[in-house]
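Down below is the structure, laid out as structure tokens.
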Amino acid sequence: MAGKPLRIGVLALQGAFREHCRLLDSLGAAVREVRLPADLAGLNGLILPGGESTTMARLLSEYALWEPIRDFHTSGRAIWGTCAGAILLAREVQGAPPQFGGRQQSLGLLDTTVQRNAFGRQINSFAAPLTVQGLDLPFPAVFIRAPAFSGAGADVTVLAEWDGQAVMLRQGRILATAFHPELSGDARIHKLFIEMAQEAQAANT
Ligand SMILES: NC(=O)CC[C@H](N)C(=O)O
């Protein structure tokens with residue numbers, strides 16, 4: 001293993017970034033809150049947290065972060081989007097608010113279509129024992145106005161489904177969860193992401 005410590009960034013413009021930071025810290029990773037393009041330097045992985053994807057998209061424009069995050073991916077480093085963060089990663093976003101003319105800007109790095117608020121209005125939030133490929137026991141998944149993925153491309157693996165809809169995807173060094181693993185007190189998916197970031201670190205040194 002490389003001698004350098006693993007360093008993970010968490011986009012800290014809006015949403016549930018502190019919970020991710022705390023969990024990563026408890027796992028021994030060096031953590032940095034990312035607000036500006038310069039904050040991406042030297043990171044092995046980046047988490048885009050849950051929150052409100054339309055607000056985060058506006059702030060990504062304001063802080064000129066769209067291209068630097070795309071470059072971060074192109075350079076082989078790991079990215080994980082949770083909920084709103086996963087919406088930001090997708091190639092196509094459905095269900096954008098009418099004031100956006102039904103269109104919402106995204107990074108377009110994950111070859112899938114994401115449907116915002118896919119689990120209905122009346123059930124805004126629920127927890128479910130989710131069967132996740134690669135985990136031996138179900139994961140306690142917290143869904144908050146969660147999206148779902150459809151039409152995953154050939155390079156995309158569906159790692160979990162709920163109610164017939166894909167809710168966890170992996171495409172190379174991109175991970176996407178429609179739910180919030182940072183809120184369940186179960187660190188297994190954070191450990192998986194740390195492994196992805198370690199692979200990126202090993203490949204880049
Ligand atoms: N918990 C969440 O991140 C919700 C995402 C929200 N529905 C959105 O579209 O941005």
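A note on labels: chains of the structure tokens are A, B, ... as shown, every chain counts residues from 1, and ligands are counted from 1 in their shown order.
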
Worksheet item: Near range 3-11 of chain A, within 7 Å and counting only C-alpha atoms, which residues show up once chain neighbours fewer than 5 positions away are dropped, as a PyMOL selection string?
Response: chain A and resi 17+21+29-35+43-49+198

Residues within 6 Å of ligand 1, counting only C-alpha atoms and all ligand atoms, as a PDB file with C-alpha atoms, in the first residue's frame:
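Below you can see out_34.pdb, which holds the result:
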```pdb
ATOM      1  CA  GLY A  50     -27.643  14.232  -0.482  1.00  0.00           C
ATOM      2  CA  GLY A  51     -29.593  17.442  -0.211  1.00  0.00           C
ATOM      3  CA  GLU A  52     -31.417  19.284  -2.963  1.00  0.00           C
ATOM      4  CA  SER A  53     -29.982  18.632  -6.404  1.00  0.00           C
ATOM      5  CA  THR A  54     -31.416  21.804  -7.982  1.00  0.00           C
ATOM      6  CA  CYS A  83     -29.311  10.789  -3.393  1.00  0.00           C
ATOM      7  CA  ALA A  84     -29.130  14.390  -4.718  1.00  0.00           C
ATOM      8  CA  ARG A 116     -36.173  12.387  -9.113  1.00  0.00           C
ATOM      9  CA  ASN A 117     -38.555  11.639  -6.236  1.00  0.00           C
ATOM     10  CA  ILE A 144     -35.513  10.540   1.678  1.00  0.00           C
ATOM     11  CA  ARG A 145     -37.416  11.818  -1.371  1.00  0.00           C
ATOM     12  CA  ALA A 146     -35.189   9.357  -3.152  1.00  0.00           C
TER      13      ALA A 146
END
```

Worksheet entry | For Ala64 in chain A: contacts at 10 Å, only C-alpha atoms, fewer than 4 positions along chain excluded, given as an MDAnalysis selection string | chainID A and resid 35:37 58:60 68:69

Residues within 10 Å of Gly185 in chain A, only C-alpha atoms, excluding chain neighbours under 5 positions, as a CSV table (one decimal) with N, CA and C atoms, in the first residue's frame:
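Result file is part10.csv:
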```csv
chain,number,residue,atom,x,y,z
A,19,GLU,N,-22.3,14.5,8.0
A,19,GLU,CA,-22.5,13.1,8.4
A,19,GLU,C,-21.5,12.2,7.6
A,23,LEU,N,-18.3,10.0,9.4
A,23,LEU,CA,-18.2,8.6,9.2
A,23,LEU,C,-16.8,8.2,8.6
A,140,PRO,N,-29.3,-1.3,6.1
A,140,PRO,CA,-30.4,-0.5,6.5
A,140,PRO,C,-30.4,0.8,5.7
```

Residues of range 53-185 of chain A in strand (DSSP E or B) according to DSSP, as a CSV table (one decimal) with C-alpha atoms, in the first residue's frame?
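Result file selection_8.csv:
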```csv
chain,number,residue,atom,x,y,z
A,78,ALA,CA,-13.3,7.8,-7.3
A,79,ILE,CA,-16.7,9.7,-7.0
A,80,TRP,CA,-19.7,8.6,-5.0
A,81,GLY,CA,-23.1,10.4,-5.2
A,82,THR,CA,-25.7,9.8,-2.6
A,90,ALA,CA,-26.5,11.0,-14.1
A,91,ARG,CA,-26.4,11.4,-17.8
A,92,GLU,CA,-30.1,12.3,-17.9
A,93,VAL,CA,-32.3,13.8,-15.1
A,94,GLN,CA,-36.1,13.3,-15.2
A,110,LEU,CA,-22.9,8.0,-14.9
A,111,ASP,CA,-24.6,6.3,-17.9
A,112,THR,CA,-28.1,6.2,-16.6
A,113,THR,CA,-31.4,8.1,-16.4
A,114,VAL,CA,-32.3,9.2,-13.0
A,115,GLN,CA,-35.9,9.9,-12.0
A,125,SER,CA,-39.0,9.1,3.7
A,126,PHE,CA,-38.6,5.4,4.7
A,127,ALA,CA,-36.1,2.9,5.9
A,128,ALA,CA,-35.7,-0.5,4.3
A,129,PRO,CA,-33.5,-3.6,4.6
A,130,LEU,CA,-31.8,-3.5,1.3
A,139,PHE,CA,-28.1,-2.8,4.5
A,140,PRO,CA,-30.4,-0.5,6.5
A,141,ALA,CA,-31.1,2.0,3.7
A,142,VAL,CA,-32.7,5.4,4.5
A,143,PHE,CA,-34.6,6.8,1.5
A,144,ILE,CA,-35.5,10.5,1.7
A,148,ALA,CA,-34.3,5.8,-8.8
A,149,PHE,CA,-32.2,4.8,-11.8
A,150,SER,CA,-33.3,3.3,-15.1
A,157,THR,CA,-23.7,-2.7,-12.7
A,158,VAL,CA,-26.9,-2.5,-10.6
A,159,LEU,CA,-25.9,-3.3,-7.1
A,160,ALA,CA,-29.3,-3.0,-5.4
A,161,GLU,CA,-33.0,-2.7,-6.3
A,162,TRP,CA,-35.9,-1.6,-4.2
A,165,GLN,CA,-36.3,0.0,-9.3
A,166,ALA,CA,-32.5,0.3,-9.3
A,167,VAL,CA,-31.2,2.2,-6.3
A,168,MET,CA,-27.5,1.5,-6.3
A,169,LEU,CA,-25.1,1.5,-9.3
A,170,ARG,CA,-21.5,1.2,-10.0
A,171,GLN,CA,-19.7,2.2,-13.1
A,174,ILE,CA,-18.3,5.9,-9.9
A,175,LEU,CA,-20.7,4.8,-7.1
A,176,ALA,CA,-24.3,6.0,-6.9
A,177,THR,CA,-26.8,5.3,-4.1
```

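Interatomic distance, CA of Leu40 in chain A against CA of Ile189 in chain A: 21.8 Å.
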
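In this model, the gap between CA of Ala203 in chain A and CA of Ser75 in chain A comes to 10.3 Å.
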
Discussion item. Report, in Å with one decimal, the straight-line distance from CA of Leu107 in chain A to CA of Glu62 in chain A.
Written reply: 14.8 Å

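For range 46-181 of chain A, a DSSP pass over the backbone yields alpha helix (DSSP H) at Ser53, Thr54, Thr55, Met56, Ala57, Arg58, Leu59, Leu60, Ser61, Glu62, Trp66, Glu67, Pro68, Ile69, Arg70, Asp71, Phe72, His73, Thr74, Ala84, Gly85, Ala86, Ile87, Leu88 and Leu89 of chain A.
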
May I have the residues from that selection written out with N, CA and C atoms, as a PDB file, in the first residue's frame?
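This went into part_21.pdb:
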```pdb
ATOM      1  N   SER A  53     -30.850  18.628  -5.218  1.00  0.00           N
ATOM      2  CA  SER A  53     -29.982  18.632  -6.404  1.00  0.00           C
ATOM      3  C   SER A  53     -30.092  19.934  -7.203  1.00  0.00           C
ATOM      4  N   THR A  54     -31.286  20.557  -7.207  1.00  0.00           N
ATOM      5  CA  THR A  54     -31.416  21.804  -7.982  1.00  0.00           C
ATOM      6  C   THR A  54     -30.586  22.918  -7.335  1.00  0.00           C
ATOM      7  N   THR A  55     -30.594  22.962  -6.009  1.00  0.00           N
ATOM      8  CA  THR A  55     -29.796  23.962  -5.287  1.00  0.00           C
ATOM      9  C   THR A  55     -28.308  23.678  -5.493  1.00  0.00           C
ATOM     10  N   MET A  56     -27.950  22.399  -5.370  1.00  0.00           N
ATOM     11  CA  MET A  56     -26.531  22.059  -5.540  1.00  0.00           C
ATOM     12  C   MET A  56     -26.052  22.375  -6.951  1.00  0.00           C
ATOM     13  N   ALA A  57     -26.909  22.141  -7.943  1.00  0.00           N
ATOM     14  CA  ALA A  57     -26.519  22.441  -9.327  1.00  0.00           C
ATOM     15  C   ALA A  57     -26.258  23.943  -9.484  1.00  0.00           C
ATOM     16  N   ARG A  58     -27.113  24.761  -8.861  1.00  0.00           N
ATOM     17  CA  ARG A  58     -26.914  26.208  -8.939  1.00  0.00           C
ATOM     18  C   ARG A  58     -25.584  26.602  -8.291  1.00  0.00           C
ATOM     19  N   LEU A  59     -25.285  25.985  -7.151  1.00  0.00           N
ATOM     20  CA  LEU A  59     -24.039  26.317  -6.452  1.00  0.00           C
ATOM     21  C   LEU A  59     -22.810  25.797  -7.200  1.00  0.00           C
ATOM     22  N   LEU A  60     -22.952  24.655  -7.884  1.00  0.00           N
ATOM     23  CA  LEU A  60     -21.821  24.157  -8.693  1.00  0.00           C
ATOM     24  C   LEU A  60     -21.473  25.158  -9.788  1.00  0.00           C
ATOM     25  N   SER A  61     -22.503  25.806 -10.347  1.00  0.00           N
ATOM     26  CA  SER A  61     -22.240  26.851 -11.363  1.00  0.00           C
ATOM     27  C   SER A  61     -21.582  28.059 -10.711  1.00  0.00           C
ATOM     28  N   GLU A  62     -22.144  28.468  -9.572  1.00  0.00           N
ATOM     29  CA  GLU A  62     -21.627  29.654  -8.880  1.00  0.00           C
ATOM     30  C   GLU A  62     -20.149  29.499  -8.503  1.00  0.00           C
ATOM     31  N   TRP A  66     -18.256  22.515 -12.094  1.00  0.00           N
ATOM     32  CA  TRP A  66     -18.683  21.452 -13.020  1.00  0.00           C
ATOM     33  C   TRP A  66     -17.481  20.808 -13.719  1.00  0.00           C
ATOM     34  N   GLU A  67     -16.679  21.617 -14.385  1.00  0.00           N
ATOM     35  CA  GLU A  67     -15.553  21.062 -15.158  1.00  0.00           C
ATOM     36  C   GLU A  67     -14.490  20.443 -14.261  1.00  0.00           C
ATOM     37  N   PRO A  68     -14.109  21.105 -13.154  1.00  0.00           N
ATOM     38  CA  PRO A  68     -13.128  20.472 -12.275  1.00  0.00           C
ATOM     39  C   PRO A  68     -13.573  19.093 -11.758  1.00  0.00           C
ATOM     40  N   ILE A  69     -14.871  18.908 -11.512  1.00  0.00           N
ATOM     41  CA  ILE A  69     -15.323  17.588 -11.046  1.00  0.00           C
ATOM     42  C   ILE A  69     -15.271  16.579 -12.200  1.00  0.00           C
ATOM     43  N   ARG A  70     -15.619  17.027 -13.415  1.00  0.00           N
ATOM     44  CA  ARG A  70     -15.491  16.119 -14.577  1.00  0.00           C
ATOM     45  C   ARG A  70     -14.025  15.722 -14.769  1.00  0.00           C
ATOM     46  N   ASP A  71     -13.126  16.692 -14.637  1.00  0.00           N
ATOM     47  CA  ASP A  71     -11.689  16.393 -14.774  1.00  0.00           C
ATOM     48  C   ASP A  71     -11.224  15.432 -13.678  1.00  0.00           C
ATOM     49  N   PHE A  72     -11.771  15.604 -12.494  1.00  0.00           N
ATOM     50  CA  PHE A  72     -11.437  14.733 -11.357  1.00  0.00           C
ATOM     51  C   PHE A  72     -11.751  13.279 -11.731  1.00  0.00           C
ATOM     52  N   HIS A  73     -12.916  13.085 -12.346  1.00  0.00           N
ATOM     53  CA  HIS A  73     -13.305  11.746 -12.789  1.00  0.00           C
ATOM     54  C   HIS A  73     -12.378  11.252 -13.901  1.00  0.00           C
ATOM     55  N   THR A  74     -12.122  12.102 -14.880  1.00  0.00           N
ATOM     56  CA  THR A  74     -11.286  11.701 -16.014  1.00  0.00           C
ATOM     57  C   THR A  74      -9.893  11.282 -15.540  1.00  0.00           C
ATOM     58  N   ALA A  84     -29.279  13.228  -3.819  1.00  0.00           N
ATOM     59  CA  ALA A  84     -29.130  14.390  -4.718  1.00  0.00           C
ATOM     60  C   ALA A  84     -27.784  14.333  -5.447  1.00  0.00           C
ATOM     61  N   GLY A  85     -26.749  13.842  -4.765  1.00  0.00           N
ATOM     62  CA  GLY A  85     -25.431  13.709  -5.396  1.00  0.00           C
ATOM     63  C   GLY A  85     -25.454  12.736  -6.565  1.00  0.00           C
ATOM     64  N   ALA A  86     -26.248  11.669  -6.424  1.00  0.00           N
ATOM     65  CA  ALA A  86     -26.386  10.694  -7.508  1.00  0.00           C
ATOM     66  C   ALA A  86     -27.122  11.319  -8.696  1.00  0.00           C
ATOM     67  N   ILE A  87     -28.097  12.187  -8.393  1.00  0.00           N
ATOM     68  CA  ILE A  87     -28.822  12.890  -9.462  1.00  0.00           C
ATOM     69  C   ILE A  87     -27.828  13.743 -10.261  1.00  0.00           C
ATOM     70  N   LEU A  88     -26.918  14.389  -9.549  1.00  0.00           N
ATOM     71  CA  LEU A  88     -25.925  15.245 -10.224  1.00  0.00           C
ATOM     72  C   LEU A  88     -25.010  14.442 -11.147  1.00  0.00           C
ATOM     73  N   LEU A  89     -24.790  13.164 -10.819  1.00  0.00           N
ATOM     74  CA  LEU A  89     -23.866  12.343 -11.620  1.00  0.00           C
ATOM     75  C   LEU A  89     -24.481  11.852 -12.935  1.00  0.00           C
TER      76      LEU A  89
END
```

Worksheet item: Closest to Ala38 in chain A among A:Gln99, A:Gly134, A:Leu65, A:Met196, using only C-alpha atoms?
Response: A:Leu65

Fill in: Distance criterion (only C-alpha atoms): nearest to Arg77 in chain A out of A:Gly108, A:Gly172, A:Pro97, A:Pro138
A:Gly172
